[in-house]
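S.K.: Sharing input-v4.txt below, compact mmCIF, C-alpha atoms and all ligand atoms:
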```txt
# COMPACT_ATOMS: atom_id res chain seq x y z
CA MET A 1 -174.28 175.58 6.00
CA ALA A 2 -173.56 177.16 2.62
CA LYS A 3 -173.13 174.72 -0.27
CA PRO A 4 -169.77 174.53 -2.08
CA THR A 5 -169.56 176.29 -5.44
CA MET A 6 -167.76 175.82 -8.74
CA THR A 7 -167.67 177.68 -12.05
CA LEU A 8 -169.55 176.10 -14.94
CA ASN A 9 -169.04 177.76 -18.33
CA GLY A 10 -168.17 181.02 -16.54
CA LYS A 11 -171.14 180.93 -14.15
CA LEU A 12 -170.88 180.29 -10.41
CA VAL A 13 -173.05 177.30 -9.42
CA GLU A 14 -173.70 175.43 -6.17
CA PHE A 15 -173.48 171.69 -5.78
CA ASP A 16 -173.91 168.99 -3.16
CA PRO A 17 -170.75 167.16 -2.05
CA GLY A 18 -170.48 163.87 -3.94
CA GLN A 19 -172.20 165.09 -7.09
CA THR A 20 -170.37 164.56 -10.36
CA ILE A 21 -169.66 167.36 -12.83
CA LEU A 22 -172.27 165.77 -15.12
CA GLU A 23 -174.92 165.90 -12.40
CA VAL A 24 -174.11 169.52 -11.57
CA ALA A 25 -174.27 170.45 -15.26
CA THR A 26 -177.58 168.65 -15.76
CA GLN A 27 -179.22 170.33 -12.78
CA ASN A 28 -178.08 173.69 -14.15
CA GLY A 29 -179.53 173.07 -17.61
CA VAL A 30 -176.16 172.48 -19.32
CA GLU A 31 -176.30 169.48 -21.63
CA ILE A 32 -173.28 167.20 -21.78
CA PRO A 33 -173.68 164.26 -24.22
CA THR A 34 -173.21 160.74 -22.85
CA LEU A 35 -173.22 157.20 -24.19
CA CYS A 36 -172.05 154.90 -21.40
CA TRP A 37 -173.63 156.73 -18.44
CA LEU A 38 -176.59 154.78 -17.02
CA LYS A 39 -178.95 156.15 -14.41
CA ASP A 40 -178.72 154.41 -11.01
CA ALA A 41 -175.47 152.60 -11.91
CA THR A 42 -171.83 153.33 -11.07
CA PRO A 43 -170.31 155.59 -13.76
CA THR A 44 -167.55 153.92 -15.76
CA GLY A 45 -166.24 156.74 -17.97
CA ALA A 46 -165.88 154.16 -20.74
CA CYS A 47 -167.06 156.06 -23.82
CA ARG A 48 -165.20 159.38 -23.30
CA ILE A 49 -168.04 161.33 -24.91
CA CYS A 50 -168.81 163.42 -21.83
CA LEU A 51 -165.29 164.89 -21.69
CA VAL A 52 -165.02 168.45 -20.37
CA GLU A 53 -162.20 170.88 -19.64
CA VAL A 54 -161.26 171.44 -16.01
CA LYS A 55 -158.84 174.30 -15.46
CA GLY A 56 -155.49 173.00 -14.24
CA ALA A 57 -156.17 169.35 -15.21
CA ARG A 58 -153.56 167.70 -17.44
CA THR A 59 -156.17 166.19 -19.77
CA LEU A 60 -159.87 166.46 -20.50
CA VAL A 61 -161.89 164.63 -17.82
CA ALA A 62 -164.93 162.36 -18.02
CA SER A 63 -167.64 164.44 -16.37
CA CYS A 64 -169.80 161.40 -15.52
CA ALA A 65 -167.14 159.98 -13.22
CA MET A 66 -165.39 163.11 -11.89
CA PRO A 67 -166.76 164.52 -8.62
CA ALA A 68 -167.35 168.25 -8.57
CA GLY A 69 -164.94 170.12 -6.32
CA PRO A 70 -165.07 173.53 -4.63
CA GLY A 71 -163.51 176.24 -6.80
CA MET A 72 -163.37 173.98 -9.89
CA GLU A 73 -163.57 175.81 -13.23
CA VAL A 74 -165.33 173.61 -15.78
CA SER A 75 -165.94 174.32 -19.48
CA THR A 76 -168.23 171.97 -21.40
CA ASP A 77 -168.26 173.63 -24.80
CA THR A 78 -164.74 174.52 -26.00
CA PRO A 79 -163.04 173.76 -29.35
CA GLN A 80 -160.86 171.14 -27.64
CA VAL A 81 -163.92 169.43 -26.13
CA HIS A 82 -165.64 169.41 -29.52
CA THR A 83 -162.59 168.03 -31.34
CA SER A 84 -162.21 165.30 -28.76
CA ARG A 85 -165.88 164.30 -28.85
CA ARG A 86 -165.88 164.24 -32.64
CA LEU A 87 -162.79 162.01 -32.67
CA ASN A 88 -164.31 159.61 -30.16
CA ILE A 89 -167.58 159.39 -32.09
CA GLU A 90 -165.63 158.74 -35.28
CA LEU A 91 -163.60 155.99 -33.61
CA LEU A 92 -166.77 154.36 -32.27
CA LEU A 93 -168.36 154.45 -35.72
CA ALA A 94 -165.19 152.99 -37.22
CA SER A 95 -165.08 150.21 -34.65
CA GLY A 96 -167.91 148.23 -36.22
CA ASN A 97 -170.44 147.83 -38.99
CA HIS A 98 -172.70 150.86 -38.68
CA ASN A 99 -175.08 150.60 -41.60
CA CYS A 100 -178.02 152.55 -40.21
CA LEU A 101 -180.30 151.73 -43.17
CA VAL A 102 -180.93 148.20 -41.96
CA CYS A 103 -180.45 148.74 -38.25
CA GLU A 104 -183.39 148.33 -35.87
CA LYS A 105 -182.09 151.23 -33.79
CA ASN A 106 -182.22 153.70 -36.68
CA GLY A 107 -183.95 156.81 -35.33
CA THR A 108 -183.39 156.09 -31.64
CA CYS A 109 -179.65 155.28 -31.68
CA LYS A 110 -177.58 157.55 -29.44
CA LEU A 111 -174.44 157.09 -31.55
CA GLN A 112 -176.34 158.02 -34.71
CA ALA A 113 -177.78 161.07 -32.95
CA LEU A 114 -174.32 162.18 -31.83
CA ALA A 115 -172.87 161.71 -35.32
CA TYR A 116 -175.67 163.93 -36.61
CA GLN A 117 -175.21 166.51 -33.84
CA TYR A 118 -171.47 166.76 -34.50
CA GLY A 119 -171.84 166.68 -38.29
CA ILE A 120 -169.80 163.52 -38.88
CA SER A 121 -170.33 162.13 -42.36
CA ASP A 122 -166.91 160.70 -43.26
CA ILE A 123 -165.07 158.20 -41.11
CA ARG A 124 -161.32 158.54 -41.47
CA PHE A 125 -160.51 155.21 -39.78
CA LYS A 126 -161.42 151.77 -41.12
CA GLY A 127 -161.56 148.22 -39.78
CA GLN A 128 -160.37 148.85 -36.26
CA THR A 129 -161.83 145.83 -34.45
CA GLN A 130 -162.33 142.11 -34.76
CA GLN A 131 -165.84 141.14 -35.86
CA TYR A 132 -167.84 138.44 -34.09
CA ALA A 133 -170.79 136.63 -35.69
CA THR A 134 -174.26 137.81 -34.70
CA GLU A 135 -175.85 135.62 -32.00
CA ASP A 136 -179.37 134.73 -33.05
CA SER A 137 -179.76 131.38 -31.32
CA ASN A 138 -182.38 132.22 -28.70
CA PRO A 139 -185.99 133.27 -29.31
CA LEU A 140 -185.86 136.64 -27.51
CA ILE A 141 -182.65 138.66 -27.96
CA VAL A 142 -180.36 139.24 -30.95
CA ARG A 143 -176.74 140.21 -30.17
CA ASP A 144 -175.03 141.97 -33.08
CA PHE A 145 -171.44 142.40 -31.96
CA SER A 146 -170.55 144.37 -35.09
CA ARG A 147 -172.63 147.26 -33.72
CA CYS A 148 -171.41 147.02 -30.14
CA ILE A 149 -169.43 150.07 -29.02
CA LEU A 150 -168.34 148.43 -25.74
CA CYS A 151 -169.95 151.17 -23.70
CA GLY A 152 -170.73 148.66 -20.93
CA ARG A 153 -174.28 149.85 -20.24
CA CYS A 154 -175.59 146.29 -20.70
CA VAL A 155 -173.10 145.08 -18.09
CA GLN A 156 -174.16 147.80 -15.65
CA ALA A 157 -177.84 147.04 -16.30
CA CYS A 158 -177.37 143.30 -15.77
CA ASN A 159 -175.04 143.48 -12.78
CA GLU A 160 -176.15 146.60 -10.93
CA ILE A 161 -179.76 147.31 -11.97
CA GLN A 162 -181.08 143.74 -12.15
CA VAL A 163 -178.24 142.16 -10.14
CA ASN A 164 -178.24 139.07 -12.35
CA ARG A 165 -174.47 139.17 -12.93
CA ALA A 166 -174.74 137.27 -16.20
CA ILE A 167 -172.38 139.32 -18.40
CA GLY A 168 -169.07 141.18 -18.27
CA TYR A 169 -166.14 142.30 -20.40
CA GLY A 170 -164.14 139.55 -22.10
CA TYR A 171 -160.91 139.35 -24.10
CA ARG A 172 -158.58 142.31 -24.67
CA GLY A 173 -157.83 145.12 -27.09
CA ALA A 174 -159.44 144.87 -30.51
CA ALA A 175 -160.86 141.45 -29.55
CA SER A 176 -162.83 142.89 -26.59
CA LYS A 177 -166.38 141.64 -26.34
CA ILE A 178 -169.25 141.54 -23.86
CA VAL A 179 -169.43 137.92 -22.72
CA THR A 180 -171.40 135.61 -20.51
CA SER A 181 -169.57 133.19 -18.25
CA GLY A 182 -167.45 131.02 -20.55
CA ASP A 183 -168.56 133.18 -23.51
CA GLN A 184 -171.61 130.98 -24.01
CA PRO A 185 -174.64 132.16 -25.99
CA TYR A 186 -177.28 133.77 -23.77
CA HIS A 187 -179.55 130.70 -23.73
CA LEU A 188 -176.73 128.47 -22.43
CA SER A 189 -175.59 130.97 -19.78
CA ASP A 190 -176.81 132.42 -16.47
CA CYS A 191 -178.92 134.94 -18.41
CA VAL A 192 -182.54 134.97 -17.26
CA PHE A 193 -183.75 136.98 -20.27
CA CYS A 194 -185.01 139.95 -18.33
CA GLY A 195 -183.97 142.05 -21.35
CA GLN A 196 -182.62 144.90 -19.23
CA CYS A 197 -179.42 144.85 -21.29
CA VAL A 198 -181.46 145.42 -24.44
CA GLU A 199 -183.21 148.33 -22.78
CA ALA A 200 -179.86 149.83 -21.77
CA CYS A 201 -178.06 149.40 -25.08
CA PRO A 202 -177.76 152.84 -26.72
CA VAL A 203 -177.13 151.39 -30.19
CA GLY A 204 -178.36 148.49 -32.32
CA ALA A 205 -176.14 145.83 -30.75
CA LEU A 206 -178.94 144.28 -28.69
CA THR A 207 -182.45 143.92 -30.11
CA GLU A 208 -185.75 142.36 -29.10
CA LYS A 209 -185.94 139.54 -31.64
CA LYS A 210 -189.71 139.57 -32.05
CA ALA A 211 -189.57 143.28 -32.95
CA VAL A 212 -187.10 142.88 -35.83
CA GLY A 213 -188.63 144.20 -39.04
CA GLN A 214 -191.93 145.00 -37.35
CA GLY A 215 -191.71 148.78 -37.55
CA ARG A 216 -189.54 151.86 -37.16
CA SER A 217 -189.70 153.78 -33.90
CA TYR A 218 -191.60 156.67 -35.52
CA GLU A 219 -194.31 154.24 -36.69
CA LEU A 220 -194.96 152.89 -33.21
CA LYS A 221 -197.44 154.34 -30.76
CA GLN A 222 -196.41 154.05 -27.10
CA VAL A 223 -199.11 153.02 -24.63
CA ARG A 224 -198.27 153.12 -20.92
CA THR A 225 -199.83 150.36 -18.87
CA THR A 226 -199.35 148.07 -15.86
CA CYS A 227 -197.87 144.61 -16.36
CA PRO A 228 -200.65 142.03 -16.11
CA TYR A 229 -198.50 139.17 -14.81
CA CYS A 230 -198.19 139.63 -11.05
CA GLY A 231 -199.00 141.93 -8.17
CA VAL A 232 -195.82 144.06 -8.26
CA GLY A 233 -197.47 146.48 -10.67
CA CYS A 234 -194.49 147.20 -12.93
CA GLN A 235 -195.07 150.07 -15.31
CA MET A 236 -194.42 149.38 -18.98
CA LEU A 237 -194.73 150.86 -22.45
CA LEU A 238 -196.41 148.86 -25.18
CA HIS A 239 -195.03 149.81 -28.60
CA VAL A 240 -197.96 149.31 -30.91
CA LYS A 241 -198.31 149.35 -34.68
CA ALA A 242 -201.69 148.91 -36.38
CA GLY A 243 -203.24 147.64 -33.14
CA LYS A 244 -200.54 144.99 -32.61
CA ILE A 245 -197.89 144.98 -29.87
CA VAL A 246 -194.45 145.04 -31.49
CA LYS A 247 -192.37 145.19 -28.30
CA VAL A 248 -192.52 146.11 -24.62
CA THR A 249 -190.12 148.37 -22.73
CA ALA A 250 -190.02 149.41 -19.09
CA ALA A 251 -191.41 152.69 -17.80
CA GLN A 252 -190.41 154.37 -14.57
CA GLY A 253 -192.88 153.30 -11.88
CA PRO A 254 -192.77 153.37 -8.08
CA SER A 255 -192.39 149.61 -7.81
CA ASN A 256 -190.22 148.74 -10.83
CA LYS A 257 -188.05 151.86 -11.30
CA GLY A 258 -187.44 151.12 -14.97
CA ARG A 259 -187.04 147.36 -14.65
CA LEU A 260 -189.05 144.45 -16.07
CA CYS A 261 -188.72 140.68 -15.82
CA VAL A 262 -188.81 138.20 -18.69
CA LYS A 263 -192.59 137.72 -18.44
CA GLY A 264 -193.47 141.40 -18.55
CA ARG A 265 -191.01 142.26 -21.31
CA PHE A 266 -191.36 139.29 -23.62
CA GLY A 267 -194.52 137.42 -22.61
CA TYR A 268 -197.11 139.38 -24.57
CA ASP A 269 -197.91 136.86 -27.31
CA PHE A 270 -201.09 135.82 -25.50
CA VAL A 271 -202.65 139.21 -26.25
CA HIS A 272 -202.93 138.40 -29.95
CA SER A 273 -203.22 134.60 -29.65
CA PRO A 274 -206.08 133.11 -31.70
CA GLU A 275 -206.45 130.55 -28.88
CA ARG A 276 -207.24 133.22 -26.31
CA LEU A 277 -210.64 132.82 -24.64
CA THR A 278 -212.73 135.89 -25.29
CA THR A 279 -216.18 134.56 -24.35
CA PRO A 280 -217.28 132.17 -21.60
CA LEU A 281 -217.71 128.51 -22.61
CA ILE A 282 -220.17 126.04 -21.10
CA LYS A 283 -219.54 122.33 -21.45
CA GLU A 284 -222.56 120.27 -22.48
CA ASN A 285 -222.41 116.59 -23.42
CA GLY A 286 -218.62 116.75 -23.50
CA GLN A 287 -218.57 119.74 -25.89
CA PHE A 288 -217.92 123.42 -25.17
CA ARG A 289 -220.35 126.01 -26.50
CA GLU A 290 -220.09 129.79 -26.30
CA ALA A 291 -222.29 131.52 -23.73
CA SER A 292 -223.03 135.02 -22.48
CA TRP A 293 -221.46 136.19 -19.21
CA GLU A 294 -224.94 136.35 -17.68
CA GLU A 295 -225.67 132.73 -18.55
CA ALA A 296 -222.23 131.47 -17.48
CA LEU A 297 -222.20 133.30 -14.13
CA GLY A 298 -225.81 132.23 -13.50
CA LEU A 299 -224.79 128.60 -14.00
CA VAL A 300 -221.80 128.91 -11.64
CA ALA A 301 -223.97 130.50 -8.93
CA LYS A 302 -226.57 127.73 -9.32
CA LYS A 303 -223.88 125.01 -9.01
CA PHE A 304 -222.38 126.66 -5.92
CA LYS A 305 -225.79 126.68 -4.27
CA GLU A 306 -226.37 123.01 -5.11
CA VAL A 307 -222.95 121.91 -3.77
CA LYS A 308 -223.38 123.96 -0.61
CA LYS A 309 -226.86 122.57 0.03
CA GLU A 310 -225.83 118.97 -0.53
CA HIS A 311 -222.31 118.90 1.01
CA GLY A 312 -221.96 122.10 3.07
CA PRO A 313 -219.75 125.18 2.42
CA GLY A 314 -216.55 123.24 3.23
CA ALA A 315 -216.98 121.38 -0.05
CA ILE A 316 -216.29 124.60 -1.96
CA ALA A 317 -212.87 126.17 -2.52
CA GLY A 318 -211.70 129.20 -4.48
CA LEU A 319 -208.32 129.86 -6.11
CA SER A 320 -207.81 133.42 -7.31
CA SER A 321 -205.32 134.85 -9.76
CA ALA A 322 -202.10 136.77 -9.31
CA ARG A 323 -202.98 138.62 -12.48
CA THR A 324 -205.83 140.47 -10.80
CA THR A 325 -205.45 143.51 -8.58
CA ASN A 326 -205.25 143.45 -4.78
CA GLU A 327 -208.72 144.95 -4.66
CA GLU A 328 -210.16 142.22 -6.87
CA ASN A 329 -208.49 139.54 -4.78
CA TYR A 330 -209.93 141.13 -1.65
CA LEU A 331 -213.41 140.97 -3.16
CA PHE A 332 -212.81 137.36 -4.21
CA GLN A 333 -212.02 136.18 -0.68
CA LYS A 334 -214.96 138.22 0.63
CA LEU A 335 -217.26 136.41 -1.77
CA PHE A 336 -216.05 133.02 -0.57
CA ARG A 337 -215.87 133.82 3.15
CA VAL A 338 -219.01 135.92 3.54
CA GLY A 339 -221.06 134.94 0.50
CA LEU A 340 -220.42 131.18 0.48
CA GLY A 341 -219.33 130.66 4.10
CA THR A 342 -216.00 128.91 3.50
CA ASN A 343 -212.41 129.77 4.40
CA ASN A 344 -211.10 127.56 1.60
CA VAL A 345 -209.56 130.41 -0.36
CA ASP A 346 -206.10 130.57 -1.85
CA HIS A 347 -204.14 132.49 -4.43
CA CYS A 348 -201.59 131.58 -7.10
CA ALA A 349 -199.00 134.08 -5.95
CA ARG A 350 -196.53 132.88 -8.57
CA LEU A 351 -196.91 132.47 -12.32
S1 LIG B 1 -176.06 151.09 -34.03
FE1 LIG B 1 -176.65 153.22 -34.45
S2 LIG B 1 -174.99 154.05 -35.65
FE2 LIG B 1 -174.81 151.83 -35.71
S3 LIG B 1 -175.96 151.16 -37.51
FE3 LIG B 1 -177.38 151.12 -35.82
S4 LIG B 1 -178.39 153.11 -35.90
FE4 LIG B 1 -176.53 153.27 -37.10
S1 LIG B 2 -181.26 139.55 -20.43
FE1 LIG B 2 -181.07 140.17 -18.26
S2 LIG B 2 -179.90 138.51 -17.30
FE2 LIG B 2 -179.61 138.30 -19.50
S3 LIG B 2 -177.72 139.40 -19.94
FE3 LIG B 2 -179.43 140.83 -20.28
S4 LIG B 2 -179.67 141.92 -18.33
FE4 LIG B 2 -178.42 140.09 -17.94
S1 LIG B 3 -174.10 145.55 -26.27
FE1 LIG B 3 -174.85 147.68 -26.30
S2 LIG B 3 -174.88 148.27 -24.15
FE2 LIG B 3 -173.59 146.46 -24.28
S3 LIG B 3 -171.52 147.25 -24.51
FE3 LIG B 3 -172.31 146.87 -26.57
S4 LIG B 3 -173.18 148.82 -27.20
FE4 LIG B 3 -172.91 148.95 -25.00
```
Let me see the structure of the file written as structure tokens.
M.R.:
Amino acid sequence: MAKPTMTLNGKLVEFDPGQTILEVATQNGVEIPTLCWLKDATPTGACRICLVEVKGARTLVASCAMPAGPGMEVSTDTPQVHTSRRLNIELLLASGNHNCLVCEKNGTCKLQALAYQYGISDIRFKGQTQQYATEDSNPLIVRDFSRCILCGRCVQACNEIQVNRAIGYGYRGAASKIVTSGDQPYHLSDCVFCGQCVEACPVGALTEKKAVGQGRSYELKQVRTTCPYCGVGCQMLLHVKAGKIVKVTAAQGPSNKGRLCVKGRFGYDFVHSPERLTTPLIKENGQFREASWEEALGLVAKKFKEVKKEHGPGAIAGLSSARTTNEENYLFQKLFRVGLGTNNVDHCARL
């Protein structure tokens, strides 16, 4: 059956029923700017940046939330659309304290990028909203409400992407704020510190605390890797400066689809810990001394043989690690079952 069609900037295009105007535009190479739209979450139409003209409609419509319809005539790049987007960007900038010089998001902020794209240098409106104090009382996430544009992406990320349901909209009008239950600080709320809200925030309202002051985005090298914590295999990006991890963000992977948990996102301190074991240690007379891998493994093999000879293979047990790969765990149980002759093998499936 033939697909329905609509007109996009004067060109006839096909679409699948259920697609939004934004999706149809994107698949046809037409860029419509967005702030609140979040992949894999229900569109909210909150920021009004993606407004487009639809012939016959009374007002401009939010393309992220409006389904495409057969015969629709959509224009994404008219003077009215531009004027409206500029006004909305200006209002968002006026709604808080947007001093980009000291903002962690400088260089990757979507609001800053839009202000640049639309040539906005002067803000005609001042002091539109109530200011809340920055929340800095937990070790992982800083919430700067003066930079929040109430786009709601953090709420979508928490409630729909991670399904933690820890935050929502609170209060009304100029006092509106993203709140936890009872408007408690994150560390006293249902928040599990997965950090998905930080990842979703398009501006500098939510920041990884350990990354503050550690480097601008253009100074950081991104290294894609697999989370070392458990067997799910989440894909992540290490943001590295001078050989040191500054922060971790999620990458799209088949098992995590852009998500991370608190361990993967924030638990990287061990990498640079001075207490980290980097060589095997052998205990002699109550004291540890450094040893080569050859010496240490030779000693373990010798002890296994002695225990097996004296007490039988049932006296030996092995506990493997969730941090190793499936293949390594397979080899581990093979070693114990076939090599040492015992079925006493287990695995710390949780960390
Ligand atoms: S949130 Fe964006 S626009 Fe606001 S100060 Fe930070 S970089 Fe600038
Ligand atoms: S850190 Fe995770 S649980 Fe906490 S508010 Fe953000 S998305 Fe929700
Ligand atoms: S904290 Fe960030 S993501 Fe959440 S509403 Fe404010 S600007 Fe949007």
S.K.: From the set A:Tyr268, A:Tyr116, A:Phe15, A:Tyr169, which residue has the shortest atom-to-atom contact distance to ligand LIG 3 (chain B), counting only C-alpha atoms and all ligand atoms?
M.R.: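 Among A:Tyr268, A:Tyr116, A:Phe15, A:Tyr169, it is A:Tyr169 that comes nearest to ligand LIG 3 (chain B).
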S.K.: Please write out the residues within 7 Å of ligand LIG 2 (chain B) as a CSV table (one decimal) with C-alpha atoms, in the frame of the given file, counting all atoms listed in the file.
M.R.:
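Once everything was written out, this is out_8.csv:
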```
chain,number,residue,atom,x,y,z
A,154,CYS,CA,-175.6,146.3,-20.7
A,157,ALA,CA,-177.8,147.0,-16.3
A,158,CYS,CA,-177.4,143.3,-15.8
A,162,GLN,CA,-181.1,143.7,-12.2
A,164,ASN,CA,-178.2,139.1,-12.4
A,165,ARG,CA,-174.5,139.2,-12.9
A,166,ALA,CA,-174.7,137.3,-16.2
A,167,ILE,CA,-172.4,139.3,-18.4
A,186,TYR,CA,-177.3,133.8,-23.8
A,190,ASP,CA,-176.8,132.4,-16.5
A,191,CYS,CA,-178.9,134.9,-18.4
A,192,VAL,CA,-182.5,135.0,-17.3
A,193,PHE,CA,-183.8,137.0,-20.3
A,194,CYS,CA,-185.0,140.0,-18.3
A,195,GLY,CA,-184.0,142.0,-21.4
A,196,GLN,CA,-182.6,144.9,-19.2
A,197,CYS,CA,-179.4,144.8,-21.3
A,198,VAL,CA,-181.5,145.4,-24.4
```
S.K.: Counting all atoms listed in the file, what are the residues, protein, DNA or RNA alike, that approach ligand LIG 3 (chain B) to within 8 Å? I want them as a PDB file with C-alpha atoms, in the coordinates of the input.
M.R.:
```pdb
ATOM      1  CA  CYS A  36    -172.050 154.900 -21.400  1.00  0.00           C
ATOM      2  CA  ARG A 143    -176.740 140.210 -30.170  1.00  0.00           C
ATOM      3  CA  ASP A 144    -175.030 141.970 -33.080  1.00  0.00           C
ATOM      4  CA  PHE A 145    -171.440 142.400 -31.960  1.00  0.00           C
ATOM      5  CA  ARG A 147    -172.630 147.260 -33.720  1.00  0.00           C
ATOM      6  CA  CYS A 148    -171.410 147.020 -30.140  1.00  0.00           C
ATOM      7  CA  ILE A 149    -169.430 150.070 -29.020  1.00  0.00           C
ATOM      8  CA  LEU A 150    -168.340 148.430 -25.740  1.00  0.00           C
ATOM      9  CA  CYS A 151    -169.950 151.170 -23.700  1.00  0.00           C
ATOM     10  CA  GLY A 152    -170.730 148.660 -20.930  1.00  0.00           C
ATOM     11  CA  ARG A 153    -174.280 149.850 -20.240  1.00  0.00           C
ATOM     12  CA  CYS A 154    -175.590 146.290 -20.700  1.00  0.00           C
ATOM     13  CA  VAL A 155    -173.100 145.080 -18.090  1.00  0.00           C
ATOM     14  CA  LYS A 177    -166.380 141.640 -26.340  1.00  0.00           C
ATOM     15  CA  ILE A 178    -169.250 141.540 -23.860  1.00  0.00           C
ATOM     16  CA  CYS A 197    -179.420 144.850 -21.290  1.00  0.00           C
ATOM     17  CA  VAL A 198    -181.460 145.420 -24.440  1.00  0.00           C
ATOM     18  CA  ALA A 200    -179.860 149.830 -21.770  1.00  0.00           C
ATOM     19  CA  CYS A 201    -178.060 149.400 -25.080  1.00  0.00           C
ATOM     20  CA  PRO A 202    -177.760 152.840 -26.720  1.00  0.00           C
ATOM     21  CA  VAL A 203    -177.130 151.390 -30.190  1.00  0.00           C
ATOM     22  CA  GLY A 204    -178.360 148.490 -32.320  1.00  0.00           C
ATOM     23  CA  ALA A 205    -176.140 145.830 -30.750  1.00  0.00           C
ATOM     24  CA  LEU A 206    -178.940 144.280 -28.690  1.00  0.00           C
TER      25      LEU A 206
END
```
S.K.: Using 7 Å as the limit and counting only C-alpha atoms and all ligand atoms, can you tabulate each residue of chain A that touches ligand LIG 1 (chain B), with its shortest atom-to-atom distance in Å and the two atoms involved, as a tab-separated table?
M.R.:
```
residue	atom	partner	partner_atom	distance
A:Leu93	CA	B:LIG1	S2	6.6
A:Asn97	CA	B:LIG1	S3	6.6
A:His98	CA	B:LIG1	S3	3.5
A:Asn99	CA	B:LIG1	S3	4.2
A:Cys100	CA	B:LIG1	FE4	3.5
A:Cys103	CA	B:LIG1	FE3	4.6
A:Glu104	CA	B:LIG1	FE3	6.6
A:Lys105	CA	B:LIG1	S4	4.7
A:Asn106	CA	B:LIG1	S4	4.0
A:Gly107	CA	B:LIG1	S4	6.7
A:Cys109	CA	B:LIG1	FE1	4.6
A:Lys110	CA	B:LIG1	FE1	6.7
A:Leu111	CA	B:LIG1	S2	5.1
A:Gln112	CA	B:LIG1	S2	4.3
A:Arg147	CA	B:LIG1	S1	5.2
A:Val203	CA	B:LIG1	S1	4.0
A:Gly204	CA	B:LIG1	S1	3.9
A:Ala205	CA	B:LIG1	S1	6.2
```
S.K.: With distances taken over all atoms listed in the file, which residue among A:Ala57, A:Cys64, A:Leu51, A:Cys227 lies nearest Thr78 of chain A?
M.R.: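 Of A:Ala57, A:Cys64, A:Leu51, A:Cys227, the one nearest Thr78 of chain A is A:Leu51, counting all atoms listed in the file.
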S.K.: Take the point (-175.5, 168.1, -6.9) as written in the file and pick out every residue within 10 Å of it, counting all atoms listed in the file; give the list as a list in words.
M.R.: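 Applying the cut-off with all atoms listed in the file, one gets Lys3, Pro4, Val13, Glu14, Phe15, Asp16, Pro17, Gly18, Gln19, Thr20, Ile21, Leu22, Glu23, Val24, Ala25, Thr26, Gln27, Asn28, Pro67 and Ala68 of chain A.
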S.K.: Could you write those residues out with C-alpha atoms, as a compact mmCIF listing (two decimals), keeping the file's coordinate frame?
M.R.:
```
# COMPACT_ATOMS: atom_id res chain seq x y z
CA LYS A 3 -173.13 174.72 -0.27
CA PRO A 4 -169.77 174.53 -2.08
CA VAL A 13 -173.05 177.30 -9.42
CA GLU A 14 -173.70 175.43 -6.17
CA PHE A 15 -173.48 171.69 -5.78
CA ASP A 16 -173.91 168.99 -3.16
CA PRO A 17 -170.75 167.16 -2.05
CA GLY A 18 -170.48 163.87 -3.94
CA GLN A 19 -172.20 165.09 -7.09
CA THR A 20 -170.37 164.56 -10.36
CA ILE A 21 -169.66 167.36 -12.83
CA LEU A 22 -172.27 165.77 -15.12
CA GLU A 23 -174.92 165.90 -12.40
CA VAL A 24 -174.11 169.52 -11.57
CA ALA A 25 -174.27 170.45 -15.26
CA THR A 26 -177.58 168.65 -15.76
CA GLN A 27 -179.22 170.33 -12.78
CA ASN A 28 -178.08 173.69 -14.15
CA PRO A 67 -166.76 164.52 -8.62
CA ALA A 68 -167.35 168.25 -8.57
```
S.K.: Could you jot down the atom CA of Glu73 of chain A to atom CA of Ala41 of chain A separation for me, Å, one decimal place?
M.R.: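 Result for atom CA of Glu73 of chain A versus atom CA of Ala41 of chain A: 26.1 Å, one decimal.
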S.K.: Kindly give the distance, in Å, that separates atom CA of Ile161 of chain A and atom CA of Glu199 of chain A, rounded to a single decimal.
M.R.: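 Value for the atom CA of Ile161 of chain A-atom CA of Glu199 of chain A distance: 11.4 Å.
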S.K.: If I take atom CA of Val271 of chain A and atom CA of Glu208 of chain A, how far is one from the other in Å, to one decimal?
M.R.: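 We find that atom CA of Val271 of chain A and atom CA of Glu208 of chain A lie 17.4 Å from each other.
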S.K.: Using only C-alpha atoms for the distances, tell me which of A:Thr134, A:Ser95, A:Asn326, A:Asn88 is nearest to Ile120 of chain A.
M.R.: A:Asn88
S.K.: Taking only C-alpha atoms into account, which of A:Leu101, A:Leu140, A:Val212, A:Val223 comes nearest Lys263 of chain A?
M.R.: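 When distances to Lys263 of chain A are compared using only C-alpha atoms, the smallest one comes from A:Leu140.
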S.K.: I'd like to know which of A:Tyr118, A:His239, A:Gly56, A:Met66 is closest to Ser84 of chain A, using only C-alpha atoms.
M.R.: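 Of A:Tyr118, A:His239, A:Gly56, A:Met66, the one nearest Ser84 of chain A is A:Tyr118, counting only C-alpha atoms.
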S.K.: Tell me which of A:Lys257, A:Ala322, A:Gln333, A:Leu297 sits closest to Lys39 of chain A, counting only C-alpha atoms.
M.R.: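 Using only C-alpha atoms, the shortest distance to Lys39 of chain A belongs to A:Lys257.
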S.K.: Taking (-194.3, 135.9, -23.1) in the file's coordinates as the center, which residues reach within 12 Å of it, counting only C-alpha atoms, put as a ChimeraX atom specification?
M.R.: /A:139-140,193-194,210,227-229,245,247-248,261-273,351
S.K.: Give me the residues within 8 Å of segment 341-350 of chain A as number ranges by chain, counting all atoms listed in the file and dropping any in the same chain fewer than 5 places off.
M.R.: A: 230, 313-314, 316-322, 333, 336
S.K.: What's around Ala65 of chain A at 7 Å? Count only C-alpha atoms, leave out sequence neighbours fewer than 6 positions away in its own chain, and write the answer as a list in words.
M.R.: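 My reading of the contact set: Thr20, Pro43, Thr44 and Gly45 of chain A.
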